[in-house]
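As stored in input_38.pdb (PDB, C-alpha atoms and all ligand atoms):
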```pdb
ATOM      1  CA  MET Z1491     -16.557  10.241 -34.578  1.00  0.00           C
ATOM      2  CA  LEU Z1492     -20.232  10.450 -33.629  1.00  0.00           C
ATOM      3  CA  VAL Z1493     -22.158   7.902 -31.587  1.00  0.00           C
ATOM      4  CA  LYS Z1494     -25.944   8.091 -31.820  1.00  0.00           C
ATOM      5  CA  VAL Z1495     -27.733   6.625 -28.829  1.00  0.00           C
ATOM      6  CA  ILE Z1496     -30.549   4.676 -30.479  1.00  0.00           C
ATOM      7  CA  TYR Z1497     -31.843   2.894 -27.399  1.00  0.00           C
ATOM      8  CA  GLU Z1498     -31.360   3.289 -23.651  1.00  0.00           C
ATOM      9  CA  ASN Z1499     -33.227   3.010 -20.365  1.00  0.00           C
ATOM     10  CA  GLU Z1500     -34.220   6.675 -20.772  1.00  0.00           C
ATOM     11  CA  SER Z1501     -34.774   8.936 -23.771  1.00  0.00           C
ATOM     12  CA  ILE Z1502     -34.585  12.696 -24.419  1.00  0.00           C
ATOM     13  CA  SER Z1503     -37.998  12.848 -26.079  1.00  0.00           C
ATOM     14  CA  ALA Z1504     -41.429  11.252 -25.669  1.00  0.00           C
ATOM     15  CA  LYS Z1505     -41.290  10.428 -29.388  1.00  0.00           C
ATOM     16  CA  LEU Z1506     -38.536   7.904 -28.723  1.00  0.00           C
ATOM     17  CA  MET Z1507     -38.962   4.486 -27.175  1.00  0.00           C
ATOM     18  CA  SER Z1508     -36.944   3.667 -24.068  1.00  0.00           C
ATOM     19  CA  GLY Z1509     -36.641   0.575 -21.893  1.00  0.00           C
ATOM     20  CA  TRP Z1510     -34.215  -1.929 -20.474  1.00  0.00           C
ATOM     21  CA  GLY Z1511     -31.257  -2.300 -22.828  1.00  0.00           C
ATOM     22  CA  ILE Z1512     -28.855  -0.360 -25.005  1.00  0.00           C
ATOM     23  CA  SER Z1513     -28.089   0.226 -28.660  1.00  0.00           C
ATOM     24  CA  TYR Z1514     -25.503   2.700 -29.914  1.00  0.00           C
ATOM     25  CA  LEU Z1515     -24.773   3.533 -33.562  1.00  0.00           C
ATOM     26  CA  LEU Z1516     -21.197   4.394 -34.344  1.00  0.00           C
ATOM     27  CA  ASP Z1517     -20.289   6.524 -37.341  1.00  0.00           C
ATOM     28  CA  GLY Z1518     -23.661   5.724 -38.965  1.00  0.00           C
ATOM     29  CA  HIS Z1519     -22.788   2.126 -39.799  1.00  0.00           C
ATOM     30  CA  ILE Z1520     -21.646   0.048 -36.802  1.00  0.00           C
ATOM     31  CA  LEU Z1521     -24.326  -0.928 -34.304  1.00  0.00           C
ATOM     32  CA  PHE Z1522     -23.256  -1.843 -30.767  1.00  0.00           C
ATOM     33  CA  ASP Z1523     -26.024  -3.999 -29.252  1.00  0.00           C
ATOM     34  CA  THR Z1524     -29.632  -4.042 -30.368  1.00  0.00           C
ATOM     35  CA  GLY Z1525     -31.800  -3.295 -27.311  1.00  0.00           C
ATOM     36  CA  GLU Z1526     -34.658  -5.551 -26.232  1.00  0.00           C
ATOM     37  CA  LYS Z1527     -36.753  -5.628 -29.389  1.00  0.00           C
ATOM     38  CA  PHE Z1528     -36.470  -4.664 -33.022  1.00  0.00           C
ATOM     39  CA  GLN Z1529     -39.714  -2.630 -33.164  1.00  0.00           C
ATOM     40  CA  SER Z1530     -38.391  -0.129 -30.592  1.00  0.00           C
ATOM     41  CA  LEU Z1531     -35.020   0.023 -32.293  1.00  0.00           C
ATOM     42  CA  PHE Z1532     -36.553   0.563 -35.725  1.00  0.00           C
ATOM     43  CA  LYS Z1533     -38.977   3.223 -34.504  1.00  0.00           C
ATOM     44  CA  ASN Z1534     -36.134   5.184 -32.883  1.00  0.00           C
ATOM     45  CA  MET Z1535     -33.955   4.827 -35.967  1.00  0.00           C
ATOM     46  CA  LYS Z1536     -36.721   6.298 -38.117  1.00  0.00           C
ATOM     47  CA  ASN Z1537     -37.209   9.175 -35.675  1.00  0.00           C
ATOM     48  CA  MET Z1538     -33.466   9.824 -35.652  1.00  0.00           C
ATOM     49  CA  SER Z1539     -33.168   9.705 -39.475  1.00  0.00           C
ATOM     50  CA  VAL Z1540     -31.004   6.589 -39.361  1.00  0.00           C
ATOM     51  CA  ASN Z1541     -31.174   4.437 -42.454  1.00  0.00           C
ATOM     52  CA  ILE Z1542     -31.066   0.764 -41.566  1.00  0.00           C
ATOM     53  CA  ASN Z1543     -29.442   0.025 -44.946  1.00  0.00           C
ATOM     54  CA  ASP Z1544     -26.339   1.955 -43.867  1.00  0.00           C
ATOM     55  CA  ILE Z1545     -25.636  -0.550 -41.085  1.00  0.00           C
ATOM     56  CA  ASP Z1546     -22.961  -3.004 -42.182  1.00  0.00           C
ATOM     57  CA  ALA Z1547     -21.797  -4.476 -38.875  1.00  0.00           C
ATOM     58  CA  VAL Z1548     -23.281  -5.306 -35.490  1.00  0.00           C
ATOM     59  CA  VAL Z1549     -21.200  -5.883 -32.379  1.00  0.00           C
ATOM     60  CA  ILE Z1550     -22.986  -7.824 -29.633  1.00  0.00           C
ATOM     61  CA  SER Z1551     -21.577  -7.186 -26.164  1.00  0.00           C
ATOM     62  CA  HIS Z1552     -23.016 -10.321 -24.551  1.00  0.00           C
ATOM     63  CA  ASN Z1553     -25.817 -12.804 -24.899  1.00  0.00           C
ATOM     64  CA  HIS Z1554     -28.536 -11.175 -22.779  1.00  0.00           C
ATOM     65  CA  TRP Z1555     -32.029 -10.387 -24.111  1.00  0.00           C
ATOM     66  CA  ASP Z1556     -31.714  -6.629 -23.550  1.00  0.00           C
ATOM     67  CA  HIS Z1557     -28.668  -6.551 -25.879  1.00  0.00           C
ATOM     68  CA  VAL Z1558     -29.523  -9.121 -28.558  1.00  0.00           C
ATOM     69  CA  GLY Z1559     -33.321  -8.726 -28.685  1.00  0.00           C
ATOM     70  CA  GLY Z1560     -33.379  -6.610 -31.842  1.00  0.00           C
ATOM     71  CA  LEU Z1561     -30.719  -8.615 -33.692  1.00  0.00           C
ATOM     72  CA  TRP Z1562     -32.751 -11.358 -35.353  1.00  0.00           C
ATOM     73  CA  GLU Z1563     -35.255  -9.149 -37.159  1.00  0.00           C
ATOM     74  CA  LEU Z1564     -32.459  -6.729 -38.076  1.00  0.00           C
ATOM     75  CA  LEU Z1565     -30.564  -9.592 -39.746  1.00  0.00           C
ATOM     76  CA  LYS Z1566     -33.656 -10.587 -41.722  1.00  0.00           C
ATOM     77  CA  ARG Z1567     -33.806  -7.065 -43.154  1.00  0.00           C
ATOM     78  CA  ARG Z1568     -30.037  -6.617 -43.548  1.00  0.00           C
ATOM     79  CA  GLN Z1569     -28.895  -9.953 -44.942  1.00  0.00           C
ATOM     80  CA  GLY Z1570     -25.185 -10.701 -45.013  1.00  0.00           C
ATOM     81  CA  ILE Z1571     -23.975  -8.100 -42.511  1.00  0.00           C
ATOM     82  CA  LYS Z1572     -21.153  -8.935 -40.124  1.00  0.00           C
ATOM     83  CA  VAL Z1573     -21.982  -9.883 -36.549  1.00  0.00           C
ATOM     84  CA  TYR Z1574     -19.055  -9.633 -34.117  1.00  0.00           C
ATOM     85  CA  LEU Z1575     -19.538 -12.021 -31.229  1.00  0.00           C
ATOM     86  CA  CYS Z1576     -17.564 -13.771 -28.497  1.00  0.00           C
ATOM     87  CA  PRO Z1577     -16.692 -17.431 -29.111  1.00  0.00           C
ATOM     88  CA  GLY Z1578     -18.097 -18.112 -25.635  1.00  0.00           C
ATOM     89  CA  PHE Z1579     -21.638 -17.207 -26.774  1.00  0.00           C
ATOM     90  CA  GLY Z1580     -21.680 -20.824 -27.967  1.00  0.00           C
ATOM     91  CA  ASP Z1581     -22.363 -22.744 -31.152  1.00  0.00           C
ATOM     92  CA  ASP Z1582     -26.159 -22.365 -30.956  1.00  0.00           C
ATOM     93  CA  PHE Z1583     -25.851 -18.577 -30.989  1.00  0.00           C
ATOM     94  CA  ILE Z1584     -23.400 -18.666 -33.907  1.00  0.00           C
ATOM     95  CA  LYS Z1585     -25.692 -21.015 -35.840  1.00  0.00           C
ATOM     96  CA  LYS Z1586     -28.692 -18.760 -35.196  1.00  0.00           C
ATOM     97  CA  VAL Z1587     -26.749 -15.780 -36.597  1.00  0.00           C
ATOM     98  CA  LYS Z1588     -25.930 -17.790 -39.747  1.00  0.00           C
ATOM     99  CA  ASP Z1589     -29.498 -19.093 -40.075  1.00  0.00           C
ATOM    100  CA  SER Z1590     -30.796 -15.522 -39.759  1.00  0.00           C
ATOM    101  CA  GLY Z1591     -28.558 -14.421 -42.646  1.00  0.00           C
ATOM    102  CA  GLY Z1592     -25.708 -12.804 -40.724  1.00  0.00           C
ATOM    103  CA  GLU Z1593     -21.983 -13.423 -41.087  1.00  0.00           C
ATOM    104  CA  PRO Z1594     -20.628 -14.359 -37.641  1.00  0.00           C
ATOM    105  CA  ILE Z1595     -17.147 -13.113 -36.781  1.00  0.00           C
ATOM    106  CA  LYS Z1596     -15.590 -14.463 -33.593  1.00  0.00           C
ATOM    107  CA  ALA Z1597     -13.723 -11.906 -31.522  1.00  0.00           C
ATOM    108  CA  ALA Z1598     -11.564 -14.117 -29.339  1.00  0.00           C
ATOM    109  CA  GLY Z1599      -8.963 -11.418 -28.801  1.00  0.00           C
ATOM    110  CA  ILE Z1600      -8.660  -7.793 -29.811  1.00  0.00           C
ATOM    111  CA  LEU Z1601     -10.083  -7.345 -33.305  1.00  0.00           C
ATOM    112  CA  GLN Z1602     -10.399  -4.388 -35.666  1.00  0.00           C
ATOM    113  CA  VAL Z1603     -13.999  -3.739 -36.762  1.00  0.00           C
ATOM    114  CA  ALA Z1604     -13.305  -0.588 -38.841  1.00  0.00           C
ATOM    115  CA  PRO Z1605     -10.517   2.030 -38.938  1.00  0.00           C
ATOM    116  CA  ASN Z1606      -9.975   3.132 -35.312  1.00  0.00           C
ATOM    117  CA  VAL Z1607     -12.771   0.859 -34.037  1.00  0.00           C
ATOM    118  CA  TYR Z1608     -11.932  -2.350 -32.155  1.00  0.00           C
ATOM    119  CA  SER Z1609     -13.568  -5.098 -30.188  1.00  0.00           C
ATOM    120  CA  THR Z1610     -11.745  -5.871 -26.945  1.00  0.00           C
ATOM    121  CA  GLY Z1611     -12.334  -9.528 -27.734  1.00  0.00           C
ATOM    122  CA  GLU Z1612     -13.855 -11.873 -25.220  1.00  0.00           C
ATOM    123  CA  VAL Z1613     -13.449 -10.943 -21.569  1.00  0.00           C
ATOM    124  CA  ALA Z1614     -14.566 -13.670 -19.144  1.00  0.00           C
ATOM    125  CA  GLY Z1615     -17.431 -12.706 -16.862  1.00  0.00           C
ATOM    126  CA  GLU Z1616     -20.115 -14.196 -14.671  1.00  0.00           C
ATOM    127  CA  TYR Z1617     -23.808 -13.569 -14.202  1.00  0.00           C
ATOM    128  CA  LYS Z1618     -25.749 -15.353 -11.467  1.00  0.00           C
ATOM    129  CA  ASP Z1619     -22.932 -17.937 -11.116  1.00  0.00           C
ATOM    130  CA  LYS Z1620     -22.970 -18.697 -14.839  1.00  0.00           C
ATOM    131  CA  PHE Z1621     -20.217 -18.001 -17.390  1.00  0.00           C
ATOM    132  CA  MET Z1622     -21.076 -14.788 -19.221  1.00  0.00           C
ATOM    133  CA  PRO Z1623     -18.397 -13.693 -21.692  1.00  0.00           C
ATOM    134  CA  GLU Z1624     -18.536 -10.123 -22.914  1.00  0.00           C
ATOM    135  CA  GLN Z1625     -16.785  -7.783 -25.344  1.00  0.00           C
ATOM    136  CA  ALA Z1626     -16.642  -3.988 -25.264  1.00  0.00           C
ATOM    137  CA  LEU Z1627     -16.119  -1.587 -28.155  1.00  0.00           C
ATOM    138  CA  VAL Z1628     -13.066   0.678 -28.261  1.00  0.00           C
ATOM    139  CA  VAL Z1629     -12.841   3.770 -30.455  1.00  0.00           C
ATOM    140  CA  ARG Z1630      -9.657   5.719 -30.991  1.00  0.00           C
ATOM    141  CA  SER Z1631      -9.825   9.439 -31.821  1.00  0.00           C
ATOM    142  CA  ASP Z1632      -7.694  12.571 -31.324  1.00  0.00           C
ATOM    143  CA  ARG Z1633      -9.178  12.866 -27.830  1.00  0.00           C
ATOM    144  CA  GLY Z1634      -8.027   9.403 -26.756  1.00  0.00           C
ATOM    145  CA  ILE Z1635      -9.803   6.094 -26.591  1.00  0.00           C
ATOM    146  CA  SER Z1636     -13.469   5.741 -25.753  1.00  0.00           C
ATOM    147  CA  VAL Z1637     -15.101   2.574 -24.504  1.00  0.00           C
ATOM    148  CA  MET Z1638     -18.704   1.419 -24.873  1.00  0.00           C
ATOM    149  CA  THR Z1639     -19.883  -1.348 -22.578  1.00  0.00           C
ATOM    150  CA  GLY Z1640     -22.969  -3.570 -22.547  1.00  0.00           C
ATOM    151  CA  CYS Z1641     -23.527  -4.755 -18.959  1.00  0.00           C
ATOM    152  CA  SER Z1642     -19.880  -5.098 -17.820  1.00  0.00           C
ATOM    153  CA  HIS Z1643     -20.494  -8.514 -16.231  1.00  0.00           C
ATOM    154  CA  PRO Z1644     -16.692  -9.155 -16.118  1.00  0.00           C
ATOM    155  CA  GLY Z1645     -16.490  -6.003 -13.937  1.00  0.00           C
ATOM    156  CA  ILE Z1646     -16.088  -2.528 -15.406  1.00  0.00           C
ATOM    157  CA  ILE Z1647     -12.652  -1.945 -13.842  1.00  0.00           C
ATOM    158  CA  GLN Z1648     -11.471  -5.383 -15.064  1.00  0.00           C
ATOM    159  CA  ILE Z1649     -12.640  -4.485 -18.590  1.00  0.00           C
ATOM    160  CA  LEU Z1650     -10.822  -1.134 -18.475  1.00  0.00           C
ATOM    161  CA  GLU Z1651      -7.656  -2.744 -17.064  1.00  0.00           C
ATOM    162  CA  SER Z1652      -7.699  -5.278 -19.908  1.00  0.00           C
ATOM    163  CA  ILE Z1653      -8.087  -2.436 -22.445  1.00  0.00           C
ATOM    164  CA  LYS Z1654      -5.190  -0.570 -20.855  1.00  0.00           C
ATOM    165  CA  GLU Z1655      -3.040  -3.661 -21.359  1.00  0.00           C
ATOM    166  CA  LYS Z1656      -4.195  -4.128 -24.951  1.00  0.00           C
ATOM    167  CA  PHE Z1657      -3.728  -0.427 -25.889  1.00  0.00           C
ATOM    168  CA  PRO Z1658      -0.568   0.476 -23.960  1.00  0.00           C
ATOM    169  CA  GLY Z1659       0.210   3.684 -25.863  1.00  0.00           C
ATOM    170  CA  ASP Z1660      -3.269   5.230 -25.514  1.00  0.00           C
ATOM    171  CA  HIS Z1661      -5.068   7.176 -22.797  1.00  0.00           C
ATOM    172  CA  PHE Z1662      -8.761   7.010 -21.919  1.00  0.00           C
ATOM    173  CA  TYR Z1663     -11.154   9.750 -23.038  1.00  0.00           C
ATOM    174  CA  SER Z1664     -14.675   8.483 -22.321  1.00  0.00           C
ATOM    175  CA  VAL Z1665     -16.347   5.338 -21.016  1.00  0.00           C
ATOM    176  CA  PHE Z1666     -20.100   4.825 -21.249  1.00  0.00           C
ATOM    177  CA  GLY Z1667     -22.768   2.124 -21.146  1.00  0.00           C
ATOM    178  CA  GLY Z1668     -23.884  -0.346 -18.492  1.00  0.00           C
ATOM    179  CA  PHE Z1669     -21.498  -0.882 -15.540  1.00  0.00           C
ATOM    180  CA  HIS Z1670     -23.654  -3.412 -13.630  1.00  0.00           C
ATOM    181  CA  LEU Z1671     -23.336  -1.770 -10.219  1.00  0.00           C
ATOM    182  CA  GLU Z1672     -26.974  -1.919  -9.074  1.00  0.00           C
ATOM    183  CA  GLY Z1673     -27.259  -2.986  -5.416  1.00  0.00           C
ATOM    184  CA  LYS Z1674     -23.517  -2.662  -4.689  1.00  0.00           C
ATOM    185  CA  GLN Z1675     -22.341  -1.150  -1.368  1.00  0.00           C
ATOM    186  CA  LYS Z1676     -21.095   2.428  -1.241  1.00  0.00           C
ATOM    187  CA  ASP Z1677     -17.525   1.326  -0.388  1.00  0.00           C
ATOM    188  CA  HIS Z1678     -17.417  -0.764  -3.534  1.00  0.00           C
ATOM    189  CA  LEU Z1679     -18.881   2.051  -5.633  1.00  0.00           C
ATOM    190  CA  ASP Z1680     -16.353   4.570  -4.251  1.00  0.00           C
ATOM    191  CA  GLN Z1681     -13.554   2.176  -5.243  1.00  0.00           C
ATOM    192  CA  VAL Z1682     -14.950   1.933  -8.765  1.00  0.00           C
ATOM    193  CA  VAL Z1683     -15.180   5.724  -9.139  1.00  0.00           C
ATOM    194  CA  ASP Z1684     -11.620   6.032  -7.727  1.00  0.00           C
ATOM    195  CA  GLY Z1685     -10.547   3.370 -10.255  1.00  0.00           C
ATOM    196  CA  PHE Z1686     -11.908   5.458 -13.139  1.00  0.00           C
ATOM    197  CA  GLN Z1687      -9.978   8.486 -11.944  1.00  0.00           C
ATOM    198  CA  LYS Z1688      -6.784   6.464 -11.441  1.00  0.00           C
ATOM    199  CA  LEU Z1689      -7.129   5.170 -14.992  1.00  0.00           C
ATOM    200  CA  GLY Z1690      -7.423   8.789 -16.141  1.00  0.00           C
ATOM    201  CA  VAL Z1691     -10.900   8.504 -17.680  1.00  0.00           C
ATOM    202  CA  LYS Z1692     -11.999  12.050 -18.647  1.00  0.00           C
ATOM    203  CA  LYS Z1693     -15.741  11.552 -19.251  1.00  0.00           C
ATOM    204  CA  VAL Z1694     -18.116   8.941 -17.863  1.00  0.00           C
ATOM    205  CA  GLY Z1695     -21.600   7.885 -18.896  1.00  0.00           C
ATOM    206  CA  ALA Z1696     -22.759   5.373 -16.284  1.00  0.00           C
ATOM    207  CA  SER Z1697     -26.092   4.241 -17.690  1.00  0.00           C
ATOM    208  CA  HIS Z1698     -28.351   1.220 -18.238  1.00  0.00           C
ATOM    209  CA  CYS Z1699     -27.616  -1.291 -15.403  1.00  0.00           C
ATOM    210  CA  SER Z1700     -25.198   0.980 -13.508  1.00  0.00           C
ATOM    211  CA  GLY Z1701     -27.792   1.758 -10.809  1.00  0.00           C
ATOM    212  CA  ASP Z1702     -28.908   5.137  -9.433  1.00  0.00           C
ATOM    213  CA  LYS Z1703     -26.411   5.122  -6.548  1.00  0.00           C
ATOM    214  CA  ALA Z1704     -23.419   4.631  -8.857  1.00  0.00           C
ATOM    215  CA  LYS Z1705     -24.774   7.182 -11.321  1.00  0.00           C
ATOM    216  CA  GLY Z1706     -25.092   9.716  -8.493  1.00  0.00           C
ATOM    217  CA  LEU Z1707     -21.518   9.117  -7.305  1.00  0.00           C
ATOM    218  CA  PHE Z1708     -20.092   9.417 -10.817  1.00  0.00           C
ATOM    219  CA  ARG Z1709     -22.159  12.561 -11.395  1.00  0.00           C
ATOM    220  CA  ASP Z1710     -20.887  14.145  -8.145  1.00  0.00           C
ATOM    221  CA  ARG Z1711     -17.271  13.328  -8.954  1.00  0.00           C
ATOM    222  CA  TYR Z1712     -17.273  14.069 -12.697  1.00  0.00           C
ATOM    223  CA  LYS Z1713     -19.680  17.059 -12.685  1.00  0.00           C
ATOM    224  CA  ASN Z1714     -19.774  18.520 -16.242  1.00  0.00           C
ATOM    225  CA  ASP Z1715     -17.853  15.520 -17.508  1.00  0.00           C
ATOM    226  CA  PHE Z1716     -20.665  13.156 -16.554  1.00  0.00           C
ATOM    227  CA  ILE Z1717     -22.594  12.043 -19.659  1.00  0.00           C
ATOM    228  CA  ASP Z1718     -26.285  11.382 -19.041  1.00  0.00           C
ATOM    229  CA  VAL Z1719     -26.692   8.795 -21.783  1.00  0.00           C
ATOM    230  CA  LYS Z1720     -30.244   8.795 -23.194  1.00  0.00           C
ATOM    231  CA  ALA Z1721     -31.845   7.607 -26.426  1.00  0.00           C
ATOM    232  CA  GLY Z1722     -31.857  10.394 -29.028  1.00  0.00           C
ATOM    233  CA  MET Z1723     -28.485  11.837 -27.981  1.00  0.00           C
ATOM    234  CA  GLY Z1724     -25.335  12.207 -30.018  1.00  0.00           C
ATOM    235  CA  ILE Z1725     -21.975  11.702 -28.275  1.00  0.00           C
ATOM    236  CA  HIS Z1726     -18.852  13.047 -29.964  1.00  0.00           C
ATOM    237  CA  LEU Z1727     -15.700  11.023 -29.439  1.00  0.00           C
TER     238      LEU Z1727
HETATM  239 ZN    ZN K   1     -28.022  -5.220 -19.884  1.00  0.00          ZN
HETATM  240 ZN    ZN K   2     -26.328  -8.503 -19.085  1.00  0.00          ZN
END
```
For this file, write the structure as structure tokens.
Ligand SMILES: [Zn+2]
Ligand SMILES: [Zn+2]
Amino acid sequence: MLVKVIYENESISAKLMSGWGISYLLDGHILFDTGEKFQSLFKNMKNMSVNINDIDAVVISHNHWDHVGGLWELLKRRQGIKVYLCPGFGDDFIKKVKDSGGEPIKAAGILQVAPNVYSTGEVAGEYKDKFMPEQALVVRSDRGISVMTGCSHPGIIQILESIKEKFPGDHFYSVFGGFHLEGKQKDHLDQVVDGFQKLGVKKVGASHCSGDKAKGLFRDRYKNDFIDVKAGMGIHL
């Protein structure tokens, strides 16, 4: 399965927009997060020969502007598509999805989005002392399971532990996205990197809000198995 990185904090080419946020396209038709604004998303899709009409589902990791920013205009142009969200995003969010023409689907627990593609369901998290529920996307392939994360506000290790529980017969292949480790002490970061290795994760793409220090530590430890996730890239799972 191929993941196209539509939007990220960095890009591989000056032709592509980059900025704070993420958007990954899975198998040409499932969009995980929508970056900060639709214009950037749409421009990158055009440059990457992605047809917006092929998108039939959007999975929103959590309700932060750099992940939902592009959603509303996308829904106007792709009426009726499914939007997978956490119940904890609240009724106003769900109503806005409906009013914008989307079909909200609540992922309370683990939920299949497409063959071999699952939402983890809502994982409780916090951001600046406020409740911030989040879901991650899990893809199963011959190589194992891969995980895409938005900001990992529940804690990246907590998210991976919950996936391990929910997919007991599987092993991890890759994990990439935002790990929210900016400003964390080295001891904490070392524990996180150790945690990835203990969980048997083969490839890591610490990006977006992971912070330069964490990225450096993952890069040192994982060497050729570190994925430098940038807009314009394709990642094979
Ligand atoms: Zn973010
Ligand atoms: Zn966030």
Could you put an axis-aligned box around every listed atom of range 1701-1709 of chain Z, padded by 6 Å on each side, and send me its centre and edge lengths in Å to one decimal, as JSON?
```
{"center_x": -24.5, "center_y": 7.2, "center_z": -9.0, "size_x": 20.8, "size_y": 22.8, "size_z": 16.8}
```
Within 9 Å of ligand ZN 2 (chain K), counting all atoms listed in the file: which residues, as a PyMOL selection string?
chain Z and resi 1511+1551-1557+1617+1622+1624+1640-1643+1668+1670+1699
For the point (-17.1, -17.7, -36.7) in the file's frame, write as a CSV table (one decimal) with C-alpha atoms, in the frame of the given file all residues with an atom no more than 10 Å away, counting all atoms listed in the file.
```csv
chain,number,residue,atom,x,y,z
Z,1573,VAL,CA,-22.0,-9.9,-36.5
Z,1574,TYR,CA,-19.1,-9.6,-34.1
Z,1575,LEU,CA,-19.5,-12.0,-31.2
Z,1576,CYS,CA,-17.6,-13.8,-28.5
Z,1577,PRO,CA,-16.7,-17.4,-29.1
Z,1581,ASP,CA,-22.4,-22.7,-31.2
Z,1584,ILE,CA,-23.4,-18.7,-33.9
Z,1585,LYS,CA,-25.7,-21.0,-35.8
Z,1587,VAL,CA,-26.7,-15.8,-36.6
Z,1588,LYS,CA,-25.9,-17.8,-39.7
Z,1593,GLU,CA,-22.0,-13.4,-41.1
Z,1594,PRO,CA,-20.6,-14.4,-37.6
Z,1595,ILE,CA,-17.1,-13.1,-36.8
Z,1596,LYS,CA,-15.6,-14.5,-33.6
Z,1597,ALA,CA,-13.7,-11.9,-31.5
Z,1598,ALA,CA,-11.6,-14.1,-29.3
```
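One finds CA of Val1719 in chain Z at 7.9 Å from CA of Glu1500 in chain Z.
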Name the residues in contact with range 1504-1508 of chain Z at a cut-off of 10 Å, using only C-alpha atoms, excluding same-chain residues fewer than 5 positions from it; report them as a list of chain:residue names.
Z:Ile1496, Z:Tyr1497, Z:Glu1498, Z:Asn1499, Z:Gly1525, Z:Glu1526, Z:Gln1529, Z:Ser1530, Z:Leu1531, Z:Phe1532, Z:Lys1533, Z:Asn1534, Z:Met1535, Z:Lys1536, Z:Asn1537, Z:Met1538, Z:Lys1720, Z:Ala1721, Z:Gly1722
Can you turn the PyMOL selection byres (((chain Z and resi 1514) around 8) and not hetatm) into a concrete residue list for this file, as a ChimeraX atom specification?
/Z:1493-1497,1512-1513,1515-1516,1521-1524
Residues returned when the PyMOL selection byres (((chain Z and resi 1685-1691) around 10) and not hetatm) runs on this file, as a PDB file with C-alpha atoms, keeping the file's coordinate frame:
```
ATOM      1  CA  GLY Z1634      -8.027   9.403 -26.756  1.00  0.00           C
ATOM      2  CA  ILE Z1635      -9.803   6.094 -26.591  1.00  0.00           C
ATOM      3  CA  SER Z1636     -13.469   5.741 -25.753  1.00  0.00           C
ATOM      4  CA  VAL Z1637     -15.101   2.574 -24.504  1.00  0.00           C
ATOM      5  CA  ILE Z1646     -16.088  -2.528 -15.406  1.00  0.00           C
ATOM      6  CA  ILE Z1647     -12.652  -1.945 -13.842  1.00  0.00           C
ATOM      7  CA  LEU Z1650     -10.822  -1.134 -18.475  1.00  0.00           C
ATOM      8  CA  GLU Z1651      -7.656  -2.744 -17.064  1.00  0.00           C
ATOM      9  CA  LYS Z1654      -5.190  -0.570 -20.855  1.00  0.00           C
ATOM     10  CA  HIS Z1661      -5.068   7.176 -22.797  1.00  0.00           C
ATOM     11  CA  PHE Z1662      -8.761   7.010 -21.919  1.00  0.00           C
ATOM     12  CA  TYR Z1663     -11.154   9.750 -23.038  1.00  0.00           C
ATOM     13  CA  SER Z1664     -14.675   8.483 -22.321  1.00  0.00           C
ATOM     14  CA  VAL Z1665     -16.347   5.338 -21.016  1.00  0.00           C
ATOM     15  CA  LEU Z1679     -18.881   2.051  -5.633  1.00  0.00           C
ATOM     16  CA  ASP Z1680     -16.353   4.570  -4.251  1.00  0.00           C
ATOM     17  CA  GLN Z1681     -13.554   2.176  -5.243  1.00  0.00           C
ATOM     18  CA  VAL Z1682     -14.950   1.933  -8.765  1.00  0.00           C
ATOM     19  CA  VAL Z1683     -15.180   5.724  -9.139  1.00  0.00           C
ATOM     20  CA  ASP Z1684     -11.620   6.032  -7.727  1.00  0.00           C
ATOM     21  CA  LYS Z1692     -11.999  12.050 -18.647  1.00  0.00           C
ATOM     22  CA  LYS Z1693     -15.741  11.552 -19.251  1.00  0.00           C
ATOM     23  CA  VAL Z1694     -18.116   8.941 -17.863  1.00  0.00           C
ATOM     24  CA  PHE Z1708     -20.092   9.417 -10.817  1.00  0.00           C
ATOM     25  CA  ARG Z1711     -17.271  13.328  -8.954  1.00  0.00           C
ATOM     26  CA  TYR Z1712     -17.273  14.069 -12.697  1.00  0.00           C
ATOM     27  CA  ASP Z1715     -17.853  15.520 -17.508  1.00  0.00           C
TER      28      ASP Z1715
END
```
Please compute the CA of Trp1562 in chain Z-CA of Lys1586 in chain Z distance, one decimal, in Å.
8.4 Å
Point-to-point distance from CA of Val1628 in chain Z to CA of Gly1518 in chain Z, Å rounded to tenths:
15.9 Å
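Closest approach to ligand ZN 1 (chain K) among Z:Ser1631, Z:Asn1541, Z:Asn1606, Z:Ser1700 is made by Z:Ser1700 (distances from all atoms listed in the file).
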Fill-in result for range 1597-1603 of chain Z, N, CA and C atoms as an mmCIF file, in the coordinates of the input:
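Once written, selection.cif looks like this:
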```
data_model
loop_
_atom_site.group_PDB
_atom_site.id
_atom_site.type_symbol
_atom_site.label_atom_id
_atom_site.label_comp_id
_atom_site.auth_asym_id
_atom_site.auth_seq_id
_atom_site.Cartn_x
_atom_site.Cartn_y
_atom_site.Cartn_z
ATOM 1 N N ALA Z 1597 -14.743 -12.778 -32.095
ATOM 2 C CA ALA Z 1597 -13.723 -11.906 -31.522
ATOM 3 C C ALA Z 1597 -13.169 -12.580 -30.274
ATOM 4 N N ALA Z 1598 -12.170 -13.430 -30.482
ATOM 5 C CA ALA Z 1598 -11.564 -14.117 -29.339
ATOM 6 C C ALA Z 1598 -10.663 -13.124 -28.601
ATOM 7 N N GLY Z 1599 -9.832 -12.454 -29.366
ATOM 8 C CA GLY Z 1599 -8.963 -11.418 -28.801
ATOM 9 C C GLY Z 1599 -9.284 -10.094 -29.467
ATOM 10 N N ILE Z 1600 -8.432 -9.127 -29.241
ATOM 11 C CA ILE Z 1600 -8.660 -7.793 -29.811
ATOM 12 C C ILE Z 1600 -8.784 -7.890 -31.339
ATOM 13 N N LEU Z 1601 -9.768 -7.190 -31.883
ATOM 14 C CA LEU Z 1601 -10.083 -7.345 -33.305
ATOM 15 C C LEU Z 1601 -10.544 -6.005 -33.881
ATOM 16 N N GLN Z 1602 -9.993 -5.652 -35.033
ATOM 17 C CA GLN Z 1602 -10.399 -4.388 -35.666
ATOM 18 C C GLN Z 1602 -11.721 -4.573 -36.403
ATOM 19 N N VAL Z 1603 -12.673 -3.677 -36.139
ATOM 20 C CA VAL Z 1603 -13.999 -3.739 -36.762
ATOM 21 C C VAL Z 1603 -14.048 -2.769 -37.950
#
```
